[in-house]
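Chemist: Please read through the structure below; I'll follow up with questions.
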Amino acid sequence: MKRYWSKTLLVFVTALLPFTLIAQQPDIVGDVTGNVGSALEKATNIISAENILTAIVILFMIWLTTRINNWSMKYLVKRFNRHRLKILRAQPIINVLLWIIGLFSLIFTLFHPSQEALMAMMGSSALALGFAAQDIVKNIFGGLLILFDRPFQIGDRVNIDNSYGEVMNIGLRNTQINTLDDSIVTVPNAKIISDNVSNANSGALDCMVVVDLWLPIDINVETVRKIAFEAAITSRYLNIDKPVVILFFDHFDATPSTNVKIKAYVLDARYEKAFAGDVTEAAKKALKSAGAYNANREMKKLE
Amino acid sequence: MKFPEQWIKLKEWFLDNLQIGTNRETHELEEVEDKAEIPDEYLERFTLNPLYDKSQVLAREEEISVLEKAYNNYKITKNALLLVGEAGAGMSSLLNASCSLYGQVHIMENDTNFNSHHQLCKELSKVLGIEDAKNLEDLASKIGEEERVIVFENVERLFLRKVGGFNLLEDFLLFIHSTKEKIYWITTINKYSLYYLESTIGFTSNFLSIVRLQPFVFESMKKVILDRNKSFEIVYLKPKGMTKRMANKYKAMSAPEKQESLESAFFKQMFQFSNGNISRSMLFWKKSIHRVKEKKVYVRAFDPKLNVELSLHELMILEAIMQHTSLSVKELRMVLRNSSKGSRLSLEFLREKNLVYPKKYKESDDLEYQINLLYLKELQSLFHSRLNRNFNLT
């Protein structure tokens, strides 16, 4: 303990030594006082009430402009539903640009930084950000990459990290997905750029839906093909401008069965599940009345 | 608010005595708000029923000559003809006017949907004068050697958008193929039904001869409307919500100049609305009539905006009706795989909004709902934007 106190005293005295030396030199003291005074004056000029108020107003204006942008995009989406995805694509880019332009103009108009100061500020910011906010920076760069590289856009149906749904928002730090059970999943952008992403519609309004029907192996293929085809083309959710394809695959597992795949396009990716449900319902009803599908027989087979 | 009798008399005198074309002030007349009843005898001139008299069918000489050519081709190639046109474009009237080309012709108007093979077989048997035909194959085998021409209108009435709902249409097409040597079949279909049937089952591949009915050009449309107003003087009123600049422009004109300018603007607006569809032009005219009095018709261009927010479900109902021309509640339930009550409720809502109207046909027990032609284009445009339908809107 005694040793500890003596060590602390030594450090304290060593630290004070330069100050005692400076105090003995009147010229040096005068310079330092002058410098500190000018720095303090500059700082007081920068952090004046007027400047703070201006900064607050500008930040509020930027925030308000992004809100107006979001609102106008929502209106445009409603008005021109057909071009929904293109409009939504522009929304985050405009917001990011608004913030960048706003913040830069704020710094340049209020602080008039010199080139050296700017470089120093950027250097120190980079260093500080590098250490303190490594993950955040990674996410921000991820967000920028997503915005400009476009692996997906707002409105696309994507599967990221086992979460499948519609991209609702691409932010600077994270991306939000509305899953089929109406949950909002927030995925950090850094994770998205390092993981595999599957995109079902890639910017198009419609997307392909595959409806699987499992039927007995001895079905009448001709009848089933007609029913499956008509179940798809009569669905109100069908994109009638695209083709409908029916495929058959036999499976010889524990219970031999035929897998009928109905491949068709839904008019809007948002109605993907409604379309699949509608086609399944219609096909099942028709198959049952045609005698091609018998639930009791299937159950017995399973037993 | 009740006006004193003297005031009403004065107003009547004022309206009766004001003449467009005189030096008197006319703008008061153009601001008249109250709508007088339109006499039935005048409205009858604008009913949307097909015309049967060839002399009444105007500006269709070119189409009749195309039909004549198609018939001459049939005599060599023996192919059926498909006539495609927009609902209300005047297909029935054109076919009635072209009857003289064929000598003896049977026209099946088909106002309601066919529900069964039996019903179709019965109707065809009646036209062909064959009794005891069990089915279409049997009917085809009993047709004699005599050559005939049969117009089968609204072929879309043979399908219902449900699983198994295309069988009747397919069988009819087979029937056409098996009888085309003896019968010249002229079938008609509306444009929106064809869009669906072509995209899904490639309907037109069954016809080598297809005639697409072109809409009326501006001058023809104007002529048809003015022709129906024969013996009436037309007074064009200033449109509502006119800009100050326009109002000043009209003020500076003499009365005949003003009428000329208003007439030109009116018909431009009508053409823009109807796109050359004659039924829609007539509806526009009817909606624009402000007053009919003593052989004078006062018209003010009507604003056809569709100010209704429609849900996805409602749009789908409207599309289903447009695909089939008309649907009963029962049929709509089958098409949308809905409950009967749900379909009825939705239809009632659309009826209240004036988007559909019920029609009772002699042959049918149920009410059939049809699209209000007034909103045909607006609805098709909504299908294009909200249901992603790439239907050619022009």
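Quick note on naming: the chains in the structure tokens go A, B, ... in the order shown, residues restart at 1 in each chain, and ligands are numbered from 1 in order of appearance.
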Among region 111-340 of chain B, which residues carry a DSSP assignment of alpha helix (DSSP H), reported as a ChimeraX atom specification?

Modeler: /B:117-128,136-142,167-179,191-201,218-228,244-251,255-274,278-288,312-324,329-336,340

Chemist: Skipping near chain neighbours, those fewer than 5 positions away, what residues fall within 6 Å of Val299 (chain B) using only C-alpha atoms, listed as number ranges by chain?

Modeler: B: 236-237, 288-290

Chemist: Can you spit out the residues from that selection as an mmCIF file, in the first residue's frame, using N, CA and C atoms?

Modeler:
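Output below, filename result20.cif:
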data_model
loop_
_atom_site.group_PDB
_atom_site.id
_atom_site.type_symbol
_atom_site.label_atom_id
_atom_site.label_comp_id
_atom_site.auth_asym_id
_atom_site.auth_seq_id
_atom_site.Cartn_x
_atom_site.Cartn_y
_atom_site.Cartn_z
ATOM 1 N N TYR B 236 -76.410 25.157 -76.910
ATOM 2 C CA TYR B 236 -75.288 24.708 -76.080
ATOM 3 C C TYR B 236 -75.062 25.711 -74.955
ATOM 4 N N LEU B 237 -75.066 25.194 -73.734
ATOM 5 C CA LEU B 237 -74.879 26.087 -72.581
ATOM 6 C C LEU B 237 -73.415 26.113 -72.167
ATOM 7 N N SER B 288 -76.058 15.065 -70.702
ATOM 8 C CA SER B 288 -75.775 16.488 -70.874
ATOM 9 C C SER B 288 -77.040 17.317 -71.090
ATOM 10 N N ILE B 289 -78.158 16.638 -71.327
ATOM 11 C CA ILE B 289 -79.390 17.399 -71.599
ATOM 12 C C ILE B 289 -79.799 18.161 -70.348
ATOM 13 N N HIS B 290 -79.985 19.426 -70.532
ATOM 14 C CA HIS B 290 -80.352 20.259 -69.395
ATOM 15 C C HIS B 290 -81.848 20.533 -69.367
#

Chemist: Taking only C-alpha atoms into account and nothing else, which residues of chain B lie no more than 10 Å away from chain A? Please answer as number ranges by chain.

Modeler: B: 160-166, 195-201, 313, 316-317, 319-320, 335-337, 382-391

Chemist: Could you dump the residues just selected with N, CA and C atoms as a JSON list (two decimals), in the first residue's frame?

Modeler:
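Generated file (again_21.json):
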[["chain", "number", "residue", "atom", "x", "y", "z"],
["B", 160, "LEU", "N", -68.21, -19.49, -68.35],
["B", 160, "LEU", "CA", -68.28, -18.93, -67.01],
["B", 160, "LEU", "C", -66.91, -19.17, -66.38],
["B", 161, "ARG", "N", -66.33, -18.12, -65.81],
["B", 161, "ARG", "CA", -64.96, -18.23, -65.31],
["B", 161, "ARG", "C", -64.90, -19.10, -64.05],
["B", 162, "LYS", "N", -65.00, -20.39, -64.23],
["B", 162, "LYS", "CA", -64.90, -21.35, -63.13],
["B", 162, "LYS", "C", -64.33, -22.65, -63.70],
["B", 163, "VAL", "N", -63.89, -23.52, -62.84],
["B", 163, "VAL", "CA", -63.35, -24.79, -63.32],
["B", 163, "VAL", "C", -64.50, -25.54, -64.01],
["B", 164, "GLY", "N", -64.29, -25.92, -65.24],
["B", 164, "GLY", "CA", -65.35, -26.59, -66.00],
["B", 164, "GLY", "C", -66.25, -25.61, -66.73],
["B", 165, "GLY", "N", -65.98, -24.33, -66.55],
["B", 165, "GLY", "CA", -66.85, -23.31, -67.15],
["B", 165, "GLY", "C", -66.54, -23.01, -68.62],
["B", 166, "PHE", "N", -65.54, -23.69, -69.18],
["B", 166, "PHE", "CA", -65.17, -23.43, -70.57],
["B", 166, "PHE", "C", -65.68, -24.54, -71.50],
["B", 195, "TYR", "N", -60.11, -10.29, -74.58],
["B", 195, "TYR", "CA", -58.80, -10.11, -73.94],
["B", 195, "TYR", "C", -58.55, -11.25, -72.95],
["B", 196, "TYR", "N", -59.57, -11.57, -72.17],
["B", 196, "TYR", "CA", -59.41, -12.66, -71.19],
["B", 196, "TYR", "C", -59.29, -14.01, -71.89],
["B", 197, "LEU", "N", -60.22, -14.28, -72.80],
["B", 197, "LEU", "CA", -60.23, -15.61, -73.45],
["B", 197, "LEU", "C", -59.00, -15.82, -74.33],
["B", 198, "GLU", "N", -58.53, -14.76, -74.93],
["B", 198, "GLU", "CA", -57.34, -14.88, -75.78],
["B", 198, "GLU", "C", -56.11, -15.16, -74.92],
["B", 199, "SER", "N", -56.00, -14.46, -73.80],
["B", 199, "SER", "CA", -54.83, -14.64, -72.93],
["B", 199, "SER", "C", -54.81, -16.01, -72.28],
["B", 200, "THR", "N", -55.98, -16.54, -72.00],
["B", 200, "THR", "CA", -56.00, -17.80, -71.25],
["B", 200, "THR", "C", -56.13, -19.04, -72.14],
["B", 201, "ILE", "N", -57.04, -19.00, -73.13],
["B", 201, "ILE", "CA", -57.23, -20.21, -73.94],
["B", 201, "ILE", "C", -56.94, -19.99, -75.43],
["B", 313, "HIS", "N", -61.53, -6.04, -54.03],
["B", 313, "HIS", "CA", -62.62, -7.00, -54.21],
["B", 313, "HIS", "C", -63.67, -6.44, -55.17],
["B", 316, "MET", "N", -62.50, -6.51, -58.66],
["B", 316, "MET", "CA", -62.52, -7.87, -59.20],
["B", 316, "MET", "C", -63.94, -8.29, -59.61],
["B", 317, "ILE", "N", -64.91, -7.82, -58.86],
["B", 317, "ILE", "CA", -66.32, -8.10, -59.22],
["B", 317, "ILE", "C", -66.63, -7.42, -60.56],
["B", 319, "GLU", "N", -64.61, -6.49, -62.84],
["B", 319, "GLU", "CA", -63.88, -7.11, -63.95],
["B", 319, "GLU", "C", -64.58, -8.41, -64.39],
["B", 320, "ALA", "N", -65.02, -9.19, -63.40],
["B", 320, "ALA", "CA", -65.71, -10.44, -63.73],
["B", 320, "ALA", "C", -66.96, -10.16, -64.56],
["B", 335, "VAL", "N", -68.08, -17.57, -59.91],
["B", 335, "VAL", "CA", -66.87, -17.01, -60.51],
["B", 335, "VAL", "C", -65.85, -16.60, -59.43],
["B", 336, "LEU", "N", -66.36, -15.95, -58.39],
["B", 336, "LEU", "CA", -65.43, -15.45, -57.36],
["B", 336, "LEU", "C", -65.23, -16.43, -56.21],
["B", 337, "ARG", "N", -65.90, -17.56, -56.26],
["B", 337, "ARG", "CA", -65.82, -18.56, -55.18],
["B", 337, "ARG", "C", -66.18, -17.90, -53.85],
["B", 382, "LEU", "N", -58.86, 1.56, -64.56],
["B", 382, "LEU", "CA", -58.57, 1.09, -63.19],
["B", 382, "LEU", "C", -58.05, -0.35, -63.21],
["B", 383, "PHE", "N", -58.62, -1.18, -64.08],
["B", 383, "PHE", "CA", -58.14, -2.57, -64.18],
["B", 383, "PHE", "C", -56.67, -2.57, -64.63],
["B", 384, "HIS", "N", -56.38, -1.63, -65.52],
["B", 384, "HIS", "CA", -55.01, -1.53, -66.04],
["B", 384, "HIS", "C", -54.04, -1.13, -64.93],
["B", 385, "SER", "N", -54.43, -0.13, -64.15],
["B", 385, "SER", "CA", -53.49, 0.37, -63.15],
["B", 385, "SER", "C", -53.47, -0.47, -61.89],
["B", 386, "ARG", "N", -54.62, -0.98, -61.47],
["B", 386, "ARG", "CA", -54.63, -1.69, -60.18],
["B", 386, "ARG", "C", -54.61, -3.20, -60.29],
["B", 387, "LEU", "N", -55.11, -3.73, -61.41],
["B", 387, "LEU", "CA", -55.10, -5.19, -61.55],
["B", 387, "LEU", "C", -54.03, -5.65, -62.54],
["B", 388, "ASN", "N", -53.19, -4.71, -62.95],
["B", 388, "ASN", "CA", -52.06, -5.05, -63.82],
["B", 388, "ASN", "C", -52.51, -5.72, -65.12],
["B", 389, "ARG", "N", -53.63, -5.26, -65.65],
["B", 389, "ARG", "CA", -54.15, -5.82, -66.91],
["B", 389, "ARG", "C", -53.61, -5.00, -68.08],
["B", 390, "ASN", "N", -52.93, -5.65, -68.99],
["B", 390, "ASN", "CA", -52.38, -4.93, -70.13],
["B", 390, "ASN", "C", -53.35, -4.88, -71.30],
["B", 391, "PHE", "N", -54.55, -4.46, -70.98],
["B", 391, "PHE", "CA", -55.59, -4.35, -71.99],
["B", 391, "PHE", "C", -55.39, -3.07, -72.78]]

Chemist: Within 9 Å of Lys353 (chain B), counting only C-alpha atoms, which residues qualify if same-chain residues fewer than 4 places away don't, as a PyMOL selection string?

Modeler: chain B and resi 308+348-349

Chemist: May I have the residues within 8 Å of region 280-286 of chain B as number ranges by chain, using only C-alpha atoms and disregarding those fewer than 3 positions away in the same chain?

Modeler: B: 43, 46, 48, 88, 221, 225, 270-271, 273-274, 276-277, 289, 299, 301-302, 373-374

Chemist: Keeping C-alpha atoms for every residue in the selection just given, could you write it to a file as a PDB file, in the first residue's frame?

Modeler:
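Saved as again-v9.pdb:
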ATOM      1  CA  LEU B  43     -85.386  10.318 -74.874  1.00  0.00           C
ATOM      2  CA  PHE B  46     -81.346   7.878 -77.606  1.00  0.00           C
ATOM      3  CA  LEU B  48     -79.361   1.967 -76.576  1.00  0.00           C
ATOM      4  CA  GLY B  88     -71.883  -0.570 -77.007  1.00  0.00           C
ATOM      5  CA  MET B 221     -70.132  10.402 -84.278  1.00  0.00           C
ATOM      6  CA  ILE B 225     -75.913  12.491 -82.659  1.00  0.00           C
ATOM      7  CA  MET B 270     -67.960  13.986 -76.082  1.00  0.00           C
ATOM      8  CA  PHE B 271     -65.463  12.330 -78.394  1.00  0.00           C
ATOM      9  CA  PHE B 273     -65.165  10.664 -73.393  1.00  0.00           C
ATOM     10  CA  SER B 274     -66.606   8.097 -75.771  1.00  0.00           C
ATOM     11  CA  GLY B 276     -65.924   6.809 -80.830  1.00  0.00           C
ATOM     12  CA  ASN B 277     -68.171   4.356 -78.961  1.00  0.00           C
ATOM     13  CA  ILE B 289     -79.390  17.399 -71.599  1.00  0.00           C
ATOM     14  CA  VAL B 299     -77.297  20.880 -73.370  1.00  0.00           C
ATOM     15  CA  ALA B 301     -71.311  19.027 -71.343  1.00  0.00           C
ATOM     16  CA  PHE B 302     -71.492  16.565 -68.502  1.00  0.00           C
ATOM     17  CA  LEU B 373     -71.396   1.928 -69.975  1.00  0.00           C
ATOM     18  CA  LEU B 374     -70.900   5.438 -68.702  1.00  0.00           C
TER      19      LEU B 374
END

Chemist: Measuring atom to atom with only C-alpha atoms, identify which of B:Thr325, B:Asn72, B:Asn154, B:Gln380 is nearest to Val84 (chain B).

Modeler: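 Closest to Val84 (chain B) of all the choices is B:Asn154.
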
Chemist: Just want the 12 Å neighbourhood of Met242 (chain B), counted on only C-alpha atoms, with same-chain residues fewer than 6 positions away dropped. Output as a count of residues only.

Modeler: 7

Chemist: Which residues are near region 101-118 of chain A? Cut-off 8 Å, only C-alpha atoms, ignore same chain within fewer than 5 positions. Put them as a VMD selection string.

Modeler: chain A and resid 46 51 55 58 to 59 62

Chemist: To one decimal place, how far is CA of Tyr71 (chain B) from CA of Val149 (chain B) in Å?

Modeler: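 It comes out at 9.7 Å.
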
Chemist: Which residues come within 12 Å of Asn354 (chain B), counting only C-alpha atoms, excluding same-chain residues fewer than 2 positions away, as a list in words?

Modeler: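 Contacts, with the query itself left out: Leu306, Asn307, Val308, Leu318, Leu347, Glu348, Phe349, Leu350, Arg351, Glu352, Val356, Tyr357, Pro358, Tyr369, Gln370, Ile371, Asn372, Leu373, Leu374, Tyr375 and Leu376 of chain B.
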
Chemist: Check region 128-261 of chain A with DSSP on the backbone and list each residue it calls strand (DSSP E or B), as a ChimeraX atom specification.

Modeler: /A:157-160,163-170,174-179,184-188,197-199,207-216,238,245-251,257-261

Chemist: Could you tell me which of B:Arg333, B:Lys230, B:Lys251, B:Lys54 comes closest to Lys295 (chain B) if we count only C-alpha atoms?

Modeler: B:Lys230

Chemist: Tell me, in Å to one decimal, how far CA of Phe267 (chain B) is from CA of Ser279 (chain B).

Modeler: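 Interatomic distance here is 14.5 Å.
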
Chemist: When you draw a straight line from CA of Val151 (chain B) to CA of Met334 (chain B), how long is it in Å?

Modeler: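 Here the two named atoms are 28.7 Å from each other.
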